[in-house]
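K.L.:
Coordinates in run24.pdb, PDB, C-alpha atoms, pLDDT in the B column, are listed below.
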```
ATOM      1  CA  MET A   1      34.830  79.363  85.583  1.00 38.00           C
ATOM      2  CA  ARG A   2      36.423  81.008  88.639  1.00 41.00           C
ATOM      3  CA  PHE A   3      39.362  79.590  90.565  1.00 36.00           C
ATOM      4  CA  SER A   4      40.133  80.253  94.175  1.00 42.00           C
ATOM      5  CA  THR A   5      43.484  81.924  94.779  1.00 36.00           C
ATOM      6  CA  PRO A   6      45.285  78.772  96.051  1.00 39.00           C
ATOM      7  CA  VAL A   7      44.052  76.751  93.053  1.00 38.00           C
ATOM      8  CA  ALA A   8      45.096  79.467  90.599  1.00 37.00           C
ATOM      9  CA  ILE A   9      48.546  79.802  92.175  1.00 33.00           C
ATOM     10  CA  THR A  10      49.033  76.034  92.199  1.00 35.00           C
ATOM     11  CA  SER A  11      47.935  75.818  88.559  1.00 36.00           C
ATOM     12  CA  LEU A  12      50.336  78.588  87.531  1.00 34.00           C
ATOM     13  CA  ALA A  13      53.194  76.928  89.410  1.00 36.00           C
ATOM     14  CA  MET A  14      52.489  73.609  87.695  1.00 34.00           C
ATOM     15  CA  ILE A  15      52.334  75.231  84.245  1.00 33.00           C
ATOM     16  CA  SER A  16      55.573  77.146  84.923  1.00 36.00           C
ATOM     17  CA  SER A  17      57.353  73.987  86.004  1.00 35.00           C
ATOM     18  CA  LEU A  18      56.350  72.310  82.753  1.00 34.00           C
ATOM     19  CA  LEU A  19      57.490  75.206  80.587  1.00 36.00           C
ATOM     20  CA  LEU A  20      60.842  75.990  82.238  1.00 36.00           C
ATOM     21  CA  PRO A  21      63.748  73.564  82.539  1.00 37.00           C
ATOM     22  CA  THR A  22      64.588  72.663  86.140  1.00 35.00           C
ATOM     23  CA  ALA A  23      67.997  74.378  85.935  1.00 38.00           C
ATOM     24  CA  LEU A  24      66.318  77.707  85.245  1.00 41.00           C
ATOM     25  CA  LEU A  25      64.197  77.467  88.389  1.00 40.00           C
ATOM     26  CA  ALA A  26      67.204  77.778  90.696  1.00 46.00           C
ATOM     27  CA  GLN A  27      66.268  79.629  93.855  1.00 55.00           C
ATOM     28  CA  ASP A  28      67.969  82.961  94.281  1.00 75.00           C
ATOM     29  CA  ALA A  29      68.337  85.256  97.256  1.00 91.00           C
ATOM     30  CA  HIS A  30      68.624  89.029  97.196  1.00 93.00           C
ATOM     31  CA  ILE A  31      71.752  89.883  99.182  1.00 94.00           C
ATOM     32  CA  GLY A  32      71.730  93.679  98.908  1.00 95.00           C
ATOM     33  CA  SER A  33      71.985  96.726  96.674  1.00 93.00           C
ATOM     34  CA  VAL A  34      73.642 100.119  96.427  1.00 94.00           C
ATOM     35  CA  ARG A  35      72.227 103.248  94.836  1.00 91.00           C
ATOM     36  CA  THR A  36      74.158 104.501  91.819  1.00 89.00           C
ATOM     37  CA  GLU A  37      71.845 107.269  90.620  1.00 82.00           C
ATOM     38  CA  PHE A  38      69.099 109.285  92.281  1.00 81.00           C
ATOM     39  CA  ARG A  39      65.861 109.453  90.293  1.00 80.00           C
ATOM     40  CA  LEU A  40      63.311 112.153  91.107  1.00 79.00           C
ATOM     41  CA  ILE A  41      60.463 110.063  89.694  1.00 82.00           C
ATOM     42  CA  GLY A  42      60.427 106.300  90.138  1.00 77.00           C
ATOM     43  CA  PRO A  43      62.970 104.067  91.855  1.00 81.00           C
ATOM     44  CA  ASN A  44      66.668 104.927  91.974  1.00 83.00           C
ATOM     45  CA  SER A  45      69.171 103.154  89.719  1.00 84.00           C
ATOM     46  CA  THR A  46      71.073 100.504  91.661  1.00 89.00           C
ATOM     47  CA  ILE A  47      73.603  97.718  91.550  1.00 91.00           C
ATOM     48  CA  GLU A  48      71.944  94.534  92.815  1.00 91.00           C
ATOM     49  CA  VAL A  49      73.676  91.533  94.382  1.00 96.00           C
ATOM     50  CA  GLU A  50      71.971  88.129  94.351  1.00 94.00           C
ATOM     51  CA  ARG A  51      72.954  84.599  95.249  1.00 97.00           C
ATOM     52  CA  PHE A  52      71.874  81.375  93.613  1.00 96.00           C
ATOM     53  CA  ASP A  53      72.882  77.831  94.448  1.00 97.00           C
ATOM     54  CA  ASP A  54      73.926  75.534  91.608  1.00 97.00           C
ATOM     55  CA  PRO A  55      70.869  73.321  91.038  1.00 96.00           C
ATOM     56  CA  LYS A  56      72.886  70.170  90.262  1.00 97.00           C
ATOM     57  CA  VAL A  57      76.080  70.686  92.259  1.00 97.00           C
ATOM     58  CA  GLN A  58      75.475  70.810  95.995  1.00 97.00           C
ATOM     59  CA  GLY A  59      77.936  73.004  97.880  1.00 97.00           C
ATOM     60  CA  ILE A  60      78.490  75.726  95.255  1.00 98.00           C
ATOM     61  CA  SER A  61      76.843  79.140  95.479  1.00 98.00           C
ATOM     62  CA  CYS A  62      77.232  81.923  92.914  1.00 98.00           C
ATOM     63  CA  TYR A  63      76.935  85.629  93.587  1.00 97.00           C
ATOM     64  CA  LEU A  64      75.822  87.921  90.760  1.00 94.00           C
ATOM     65  CA  SER A  65      76.041  91.691  90.583  1.00 93.00           C
ATOM     66  CA  TYR A  66      74.259  93.687  87.902  1.00 90.00           C
ATOM     67  CA  SER A  67      72.818  97.143  87.335  1.00 87.00           C
ATOM     68  CA  GLN A  68      69.124  97.919  87.635  1.00 83.00           C
ATOM     69  CA  VAL A  69      67.833 100.988  85.793  1.00 80.00           C
ATOM     70  CA  GLY A  70      65.498 103.178  87.827  1.00 78.00           C
ATOM     71  CA  GLY A  71      63.110 105.934  86.860  1.00 72.00           C
ATOM     72  CA  LEU A  72      59.726 105.462  85.231  1.00 68.00           C
ATOM     73  CA  SER A  73      60.982 103.126  82.504  1.00 68.00           C
ATOM     74  CA  GLY A  74      62.683 100.938  85.110  1.00 63.00           C
ATOM     75  CA  ALA A  75      59.585 100.890  87.305  1.00 64.00           C
ATOM     76  CA  VAL A  76      57.376  99.528  84.525  1.00 63.00           C
ATOM     77  CA  GLY A  77      59.993  97.123  83.111  1.00 65.00           C
ATOM     78  CA  LEU A  78      60.660  98.944  79.832  1.00 60.00           C
ATOM     79  CA  ALA A  79      64.214 100.123  80.551  1.00 66.00           C
ATOM     80  CA  GLU A  80      67.054  98.718  78.476  1.00 63.00           C
ATOM     81  CA  GLU A  81      69.288  97.149  81.107  1.00 63.00           C
ATOM     82  CA  ALA A  82      73.069  97.203  80.716  1.00 68.00           C
ATOM     83  CA  SER A  83      74.765  94.019  79.562  1.00 71.00           C
ATOM     84  CA  GLU A  84      77.428  94.128  82.265  1.00 81.00           C
ATOM     85  CA  ALA A  85      77.287  91.585  85.066  1.00 88.00           C
ATOM     86  CA  SER A  86      79.768  89.947  87.371  1.00 94.00           C
ATOM     87  CA  VAL A  87      79.763  86.458  88.879  1.00 96.00           C
ATOM     88  CA  ALA A  88      81.754  84.959  91.754  1.00 98.00           C
ATOM     89  CA  CYS A  89      81.151  81.307  92.642  1.00 98.00           C
ATOM     90  CA  ARG A  90      82.448  79.726  95.829  1.00 98.00           C
ATOM     91  CA  GLN A  91      82.399  76.445  97.664  1.00 97.00           C
ATOM     92  CA  THR A  92      79.878  76.908 100.484  1.00 97.00           C
ATOM     93  CA  GLY A  93      79.677  73.307 101.663  1.00 96.00           C
ATOM     94  CA  GLU A  94      80.711  69.815 100.705  1.00 96.00           C
ATOM     95  CA  ILE A  95      80.629  69.552  96.907  1.00 97.00           C
ATOM     96  CA  VAL A  96      78.373  66.675  95.881  1.00 97.00           C
ATOM     97  CA  PHE A  97      77.126  65.912  92.376  1.00 97.00           C
ATOM     98  CA  ASP A  98      76.204  63.014  90.126  1.00 96.00           C
ATOM     99  CA  PRO A  99      78.631  63.015  87.154  1.00 94.00           C
ATOM    100  CA  ASP A 100      75.940  61.413  84.982  1.00 94.00           C
ATOM    101  CA  GLU A 101      73.568  64.354  85.602  1.00 95.00           C
ATOM    102  CA  VAL A 102      76.058  67.204  85.148  1.00 95.00           C
ATOM    103  CA  ASP A 103      76.497  68.131  81.491  1.00 95.00           C
ATOM    104  CA  GLU A 104      79.768  69.473  80.094  1.00 96.00           C
ATOM    105  CA  GLN A 105      77.973  72.783  79.618  1.00 97.00           C
ATOM    106  CA  GLU A 106      74.513  73.931  80.730  1.00 97.00           C
ATOM    107  CA  VAL A 107      72.566  77.035  81.710  1.00 96.00           C
ATOM    108  CA  VAL A 108      72.186  77.112  85.493  1.00 96.00           C
ATOM    109  CA  PHE A 109      70.652  80.599  85.883  1.00 93.00           C
ATOM    110  CA  ASN A 110      68.501  82.747  83.601  1.00 90.00           C
ATOM    111  CA  GLN A 111      66.973  86.136  84.393  1.00 85.00           C
ATOM    112  CA  ARG A 112      64.910  88.373  82.100  1.00 78.00           C
ATOM    113  CA  ARG A 113      66.558  91.794  81.850  1.00 71.00           C
ATOM    114  CA  SER A 114      64.109  93.703  79.654  1.00 67.00           C
ATOM    115  CA  ALA A 115      60.736  93.500  78.000  1.00 63.00           C
ATOM    116  CA  LEU A 116      62.479  93.155  74.633  1.00 63.00           C
ATOM    117  CA  PHE A 117      63.892  89.631  74.893  1.00 65.00           C
ATOM    118  CA  LYS A 118      67.106  90.337  76.786  1.00 75.00           C
ATOM    119  CA  ASN A 119      68.327  87.774  79.321  1.00 84.00           C
ATOM    120  CA  MET A 120      71.251  87.445  81.681  1.00 88.00           C
ATOM    121  CA  ARG A 121      72.518  83.873  81.881  1.00 92.00           C
ATOM    122  CA  VAL A 122      75.038  81.873  83.836  1.00 96.00           C
ATOM    123  CA  VAL A 123      76.415  78.767  82.162  1.00 97.00           C
ATOM    124  CA  ARG A 124      78.254  76.066  84.103  1.00 98.00           C
ATOM    125  CA  MET A 125      81.099  74.353  82.224  1.00 98.00           C
ATOM    126  CA  HIS A 126      82.732  71.217  83.567  1.00 97.00           C
ATOM    127  CA  ASP A 127      86.499  70.923  83.170  1.00 96.00           C
ATOM    128  CA  ALA A 128      86.792  67.270  84.203  1.00 95.00           C
ATOM    129  CA  GLU A 129      90.532  67.190  83.490  1.00 95.00           C
ATOM    130  CA  THR A 130      91.296  69.714  86.258  1.00 96.00           C
ATOM    131  CA  GLU A 131      88.233  68.819  88.387  1.00 96.00           C
ATOM    132  CA  THR A 132      86.882  72.357  88.153  1.00 97.00           C
ATOM    133  CA  PHE A 133      83.491  73.937  87.453  1.00 98.00           C
ATOM    134  CA  VAL A 134      83.684  77.197  85.478  1.00 98.00           C
ATOM    135  CA  TYR A 135      80.748  79.646  85.586  1.00 98.00           C
ATOM    136  CA  LEU A 136      80.315  82.187  82.770  1.00 97.00           C
ATOM    137  CA  THR A 137      77.825  85.060  82.863  1.00 94.00           C
ATOM    138  CA  TYR A 138      76.752  86.934  79.735  1.00 91.00           C
ATOM    139  CA  SER A 139      73.779  88.691  78.156  1.00 86.00           C
ATOM    140  CA  THR A 140      71.628  87.511  75.262  1.00 83.00           C
ATOM    141  CA  LYS A 141      69.295  89.518  73.096  1.00 73.00           C
ATOM    142  CA  LEU A 142      66.828  88.530  70.381  1.00 61.00           C
ATOM    143  CA  VAL A 143      69.067  89.747  67.550  1.00 63.00           C
ATOM    144  CA  ASP A 144      72.552  89.941  69.027  1.00 67.00           C
ATOM    145  CA  GLY A 145      73.961  89.522  72.499  1.00 65.00           C
ATOM    146  CA  SER A 146      76.854  91.238  74.193  1.00 71.00           C
ATOM    147  CA  PRO A 147      80.476  90.099  74.267  1.00 82.00           C
ATOM    148  CA  LYS A 148      80.760  91.468  77.827  1.00 86.00           C
ATOM    149  CA  ASN A 149      81.164  88.556  80.196  1.00 92.00           C
ATOM    150  CA  ALA A 150      82.670  87.395  83.482  1.00 94.00           C
ATOM    151  CA  ILE A 151      83.830  84.017  84.740  1.00 97.00           C
ATOM    152  CA  SER A 152      84.479  82.298  88.038  1.00 98.00           C
ATOM    153  CA  ALA A 153      85.867  78.836  88.753  1.00 98.00           C
ATOM    154  CA  VAL A 154      85.500  76.387  91.639  1.00 98.00           C
ATOM    155  CA  HIS A 155      87.920  73.465  91.997  1.00 97.00           C
ATOM    156  CA  TYR A 156      86.353  70.368  93.599  1.00 96.00           C
ATOM    157  CA  GLY A 157      89.136  67.776  93.433  1.00 86.00           C
ATOM    158  CA  GLY A 158      92.031  67.124  95.781  1.00 82.00           C
ATOM    159  CA  PHE A 159      95.417  68.812  95.530  1.00 74.00           C
TER     160      PHE A 159
END
```
In structure tokens, how does this file's structure come out?

P.N.:
Amino acid sequence: MRFSTPVAITSLAMISSLLLPTALLAQDAHIGSVRTEFRLIGPNSTIEVERFDDPKVQGISCYLSYSQVGGLSGAVGLAEEASEASVACRQTGEIVFDPDEVDEQEVVFNQRRSALFKNMRVVRMHDAETETFVYLTYSTKLVDGSPKNAISAVHYGGF
């Protein structure tokens, strides 16, 4: 059986939405990059900067920076990416959220970083006592992750 391109794309999108939690489908935007290493063959190594908006808290955007290995291994997705990443989250509009839908702690961003089960994640933690959302970025790996991490916090209450 053959599918037309729109049917196949729609089917893949529907299957993906069933397999991935909504929080992991947060839309991201590529903001820019800088070259850190020239590679004669394949793409250069870079530091990438991306933005994603918190999927359950309107008015908060997070900016991630991370390295991207170039060369042939980077071009085909086999490079072992570094575990370092940085996150900075800011209020970019009126902060609106439903307290019943925001967990104390949940993954709000997930990006595959290598072919060998390595992911970069951002977890949102809710400090209700101080009316603050804390965002933690770290790396996971099939066997053991990395202790390297970064945090950012956004206060949403009055002063």

K.L.:
Grab the atom CA of Leu136 of chain A to atom CA of Asp98 of chain A distance for me, in Å with one decimal place.

P.N.:
20.9 Å

K.L.:
Which residues would end up in the selection if the PyMOL selection byres ((chain A and resi 58-74) around 9) were applied here, given that I need the answer as a VMD selection string?

P.N.:
chain A and resid 31 33 36 to 57 75 to 97 113 135 137 152 154

K.L.:
Residues as selected, C-alpha atoms, written as a tab-separated table (two decimals), in the frame of the given file, can you do that?

P.N.:
```tsv
chain	number	residue	atom	x	y	z
A	31	ILE	CA	71.75	89.88	99.18
A	33	SER	CA	71.98	96.73	96.67
A	36	THR	CA	74.16	104.50	91.82
A	37	GLU	CA	71.84	107.27	90.62
A	38	PHE	CA	69.10	109.28	92.28
A	39	ARG	CA	65.86	109.45	90.29
A	40	LEU	CA	63.31	112.15	91.11
A	41	ILE	CA	60.46	110.06	89.69
A	42	GLY	CA	60.43	106.30	90.14
A	43	PRO	CA	62.97	104.07	91.86
A	44	ASN	CA	66.67	104.93	91.97
A	45	SER	CA	69.17	103.15	89.72
A	46	THR	CA	71.07	100.50	91.66
A	47	ILE	CA	73.60	97.72	91.55
A	48	GLU	CA	71.94	94.53	92.82
A	49	VAL	CA	73.68	91.53	94.38
A	50	GLU	CA	71.97	88.13	94.35
A	51	ARG	CA	72.95	84.60	95.25
A	52	PHE	CA	71.87	81.38	93.61
A	53	ASP	CA	72.88	77.83	94.45
A	54	ASP	CA	73.93	75.53	91.61
A	55	PRO	CA	70.87	73.32	91.04
A	56	LYS	CA	72.89	70.17	90.26
A	57	VAL	CA	76.08	70.69	92.26
A	75	ALA	CA	59.58	100.89	87.30
A	76	VAL	CA	57.38	99.53	84.52
A	77	GLY	CA	59.99	97.12	83.11
A	78	LEU	CA	60.66	98.94	79.83
A	79	ALA	CA	64.21	100.12	80.55
A	80	GLU	CA	67.05	98.72	78.48
A	81	GLU	CA	69.29	97.15	81.11
A	82	ALA	CA	73.07	97.20	80.72
A	83	SER	CA	74.76	94.02	79.56
A	84	GLU	CA	77.43	94.13	82.26
A	85	ALA	CA	77.29	91.58	85.07
A	86	SER	CA	79.77	89.95	87.37
A	87	VAL	CA	79.76	86.46	88.88
A	88	ALA	CA	81.75	84.96	91.75
A	89	CYS	CA	81.15	81.31	92.64
A	90	ARG	CA	82.45	79.73	95.83
A	91	GLN	CA	82.40	76.44	97.66
A	92	THR	CA	79.88	76.91	100.48
A	93	GLY	CA	79.68	73.31	101.66
A	94	GLU	CA	80.71	69.82	100.70
A	95	ILE	CA	80.63	69.55	96.91
A	96	VAL	CA	78.37	66.68	95.88
A	97	PHE	CA	77.13	65.91	92.38
A	113	ARG	CA	66.56	91.79	81.85
A	135	TYR	CA	80.75	79.65	85.59
A	137	THR	CA	77.82	85.06	82.86
A	152	SER	CA	84.48	82.30	88.04
A	154	VAL	CA	85.50	76.39	91.64
```

K.L.:
Go through A:Arg35, A:Asn110, A:Tyr156, A:Asp100 one by one, measure the shortest atom-to-atom distance of each to Val123 of chain A using all atoms listed in the file, and give the residue with the smallest value.

P.N.:
A:Asn110

K.L.:
Quick one: distance from atom CA of Val34 of chain A to atom CA of Ile151 of chain A in Å, one decimal?

P.N.:
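Distance reported for this atom pair: 22.4 Å.
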
K.L.:
Quick one: residues within 8 Å of Lys118 of chain A, all atoms listed in the file, excluding same-chain residues fewer than 5 positions away - as a PyMOL selection string?

P.N.:
chain A and resi 112-113+139-142

K.L.:
Restricted to C-alpha atoms, what would the selected residues look like written as a JSON list (two decimals), in the frame of the given file?

P.N.:
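Final output, result38.json:
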```
[["chain", "number", "residue", "atom", "x", "y", "z"],
["A", 112, "ARG", "CA", 64.91, 88.37, 82.10],
["A", 113, "ARG", "CA", 66.56, 91.79, 81.85],
["A", 139, "SER", "CA", 73.78, 88.69, 78.16],
["A", 140, "THR", "CA", 71.63, 87.51, 75.26],
["A", 141, "LYS", "CA", 69.30, 89.52, 73.10],
["A", 142, "LEU", "CA", 66.83, 88.53, 70.38]]
```

K.L.:
Have segment 120-148 of chain A completed to N, CA and C atoms, please, and pass it along as a short mmCIF file (atom, residue, chain, number, x, y, z; two decimals), in the frame of the given file.

P.N.:
```cif
data_model
loop_
_atom_site.label_atom_id
_atom_site.label_comp_id
_atom_site.auth_asym_id
_atom_site.auth_seq_id
_atom_site.Cartn_x
_atom_site.Cartn_y
_atom_site.Cartn_z
N MET A 120 69.93 87.65 81.11
CA MET A 120 71.25 87.44 81.68
C MET A 120 71.31 85.96 82.04
N ARG A 121 72.39 85.31 81.63
CA ARG A 121 72.52 83.87 81.88
C ARG A 121 73.83 83.56 82.58
N VAL A 122 73.81 82.45 83.31
CA VAL A 122 75.04 81.87 83.84
C VAL A 122 75.09 80.45 83.32
N VAL A 123 76.21 80.11 82.69
CA VAL A 123 76.42 78.77 82.16
C VAL A 123 77.51 78.09 82.98
N ARG A 124 77.24 76.85 83.42
CA ARG A 124 78.25 76.07 84.10
C ARG A 124 78.97 75.19 83.08
N MET A 125 80.29 75.22 83.08
CA MET A 125 81.10 74.35 82.22
C MET A 125 81.90 73.44 83.14
N HIS A 126 82.02 72.19 82.75
CA HIS A 126 82.73 71.22 83.57
C HIS A 126 84.07 70.90 82.93
N ASP A 127 85.15 71.26 83.60
CA ASP A 127 86.50 70.92 83.17
C ASP A 127 86.91 69.69 83.97
N ALA A 128 86.55 68.51 83.48
CA ALA A 128 86.79 67.27 84.20
C ALA A 128 88.28 67.00 84.38
N GLU A 129 89.09 67.44 83.43
CA GLU A 129 90.53 67.19 83.49
C GLU A 129 91.16 67.82 84.73
N THR A 130 90.73 69.03 85.08
CA THR A 130 91.30 69.71 86.26
C THR A 130 90.35 69.68 87.45
N GLU A 131 89.25 68.94 87.32
CA GLU A 131 88.23 68.82 88.39
C GLU A 131 87.77 70.20 88.86
N THR A 132 87.30 70.98 87.89
CA THR A 132 86.88 72.36 88.15
C THR A 132 85.57 72.66 87.43
N PHE A 133 84.69 73.41 88.10
CA PHE A 133 83.49 73.94 87.45
C PHE A 133 83.77 75.41 87.15
N VAL A 134 83.49 75.82 85.92
CA VAL A 134 83.68 77.20 85.48
C VAL A 134 82.30 77.78 85.22
N TYR A 135 82.03 78.98 85.75
CA TYR A 135 80.75 79.65 85.59
C TYR A 135 80.96 80.91 84.78
N LEU A 136 80.21 81.05 83.68
CA LEU A 136 80.32 82.19 82.77
C LEU A 136 78.99 82.94 82.78
N THR A 137 79.04 84.26 82.98
CA THR A 137 77.82 85.06 82.86
C THR A 137 77.94 85.96 81.63
N TYR A 138 76.81 86.11 80.94
CA TYR A 138 76.75 86.93 79.74
C TYR A 138 75.30 87.31 79.49
N SER A 139 75.11 88.20 78.50
CA SER A 139 73.78 88.69 78.16
C SER A 139 73.39 88.22 76.77
N THR A 140 72.13 87.86 76.59
CA THR A 140 71.63 87.51 75.26
C THR A 140 70.55 88.51 74.88
N LYS A 141 70.34 88.64 73.61
CA LYS A 141 69.30 89.52 73.10
C LYS A 141 68.72 88.83 71.87
N LEU A 142 67.49 89.18 71.49
CA LEU A 142 66.83 88.53 70.38
C LEU A 142 67.69 88.52 69.12
N VAL A 143 68.29 89.66 68.78
CA VAL A 143 69.07 89.75 67.55
C VAL A 143 70.54 89.45 67.80
N ASP A 144 71.15 90.19 68.71
CA ASP A 144 72.55 89.94 69.03
C ASP A 144 72.80 90.22 70.50
N GLY A 145 73.64 89.39 71.08
CA GLY A 145 73.96 89.52 72.50
C GLY A 145 75.14 90.46 72.70
N SER A 146 75.72 90.38 73.87
CA SER A 146 76.85 91.24 74.19
C SER A 146 78.09 90.38 74.44
N PRO A 147 79.26 90.84 73.98
CA PRO A 147 80.48 90.10 74.27
C PRO A 147 80.97 90.30 75.69
N LYS A 148 80.34 91.22 76.45
CA LYS A 148 80.76 91.47 77.83
C LYS A 148 80.41 90.23 78.65
#
```
